[in-house]
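Enquirer: Before I ask anything, here is the structure I am working with.
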Amino acid sequence: MDYLKQIPDHRDPHGLRHPLWLVLLIIIMGMMSGYWGYRQLGRFVERHRRELINRLQIHACSCSFLFSDQKSHG
């Protein structure tokens, strides 16, 4: 995690909900567990939500919005 926290975040700070290191870590863990793609990563977060919150010591809200199946309105 310390290595991921050192990666510069070049995203627009307006509207950021999650730190980059957390998003990257969830992607890595999900892919290592066989969850590929946005929806599958959402399922990974849903399935392992409590464990992610406890192990990563993150706020429950941070976990609930990660990879949620939000449809864009355009």
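Residues are named by chain letter and number: chains run A, B, ... in the order of the structure tokens, numbers start at 1 in each chain, and ligands are numbered from 1 in the order shown.
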I need the residues of chain A that end up classed as alpha helix (DSSP H) by DSSP on the backbone, written out as JSON, numbers by chain.
Expert: {"A": [2, 3, 4, 5, 20, 21, 22, 23, 24, 25, 26, 27, 28, 29, 30, 31, 32, 38, 39, 40, 41, 42, 43, 44, 45, 46, 47, 49, 50, 51, 52, 53, 54, 55, 56, 60, 61, 62, 63, 64, 65]}
Enquirer: Counting only C-alpha atoms, figure out which residue out of A:Asp2, A:Asp9, A:Val45, A:His18 gets nearest to Met31 (chain A).
Expert: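 With only C-alpha atoms as the atom set, the closest residue is A:Val45.
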Enquirer: Just the residues within 12 Å of region 32-36 of chain A, please, counting only C-alpha atoms, with nothing from its chain fewer than 5 positions along; format it as a PyMOL selection string.
Expert: chain A and resi 25-27+41-48+67
Enquirer: Any idea what's packed within 12 Å of His59 (chain A), counting only C-alpha atoms, ignoring anything in its chain fewer than 6 positions away? Could you give it as a list in words?
Expert: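 Result of the neighbour search: Arg17, His18, Leu22, Arg49, Arg50, Glu51, Leu52, Ile53, Phe65 and Leu66 of chain A.
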Enquirer: What's the 9 Å shell around Leu20 (chain A), counting only C-alpha atoms, without same-chain residues fewer than 3 positions away, as a ChimeraX atom specification?
Expert: /A:4-5,7-9,11,23-25
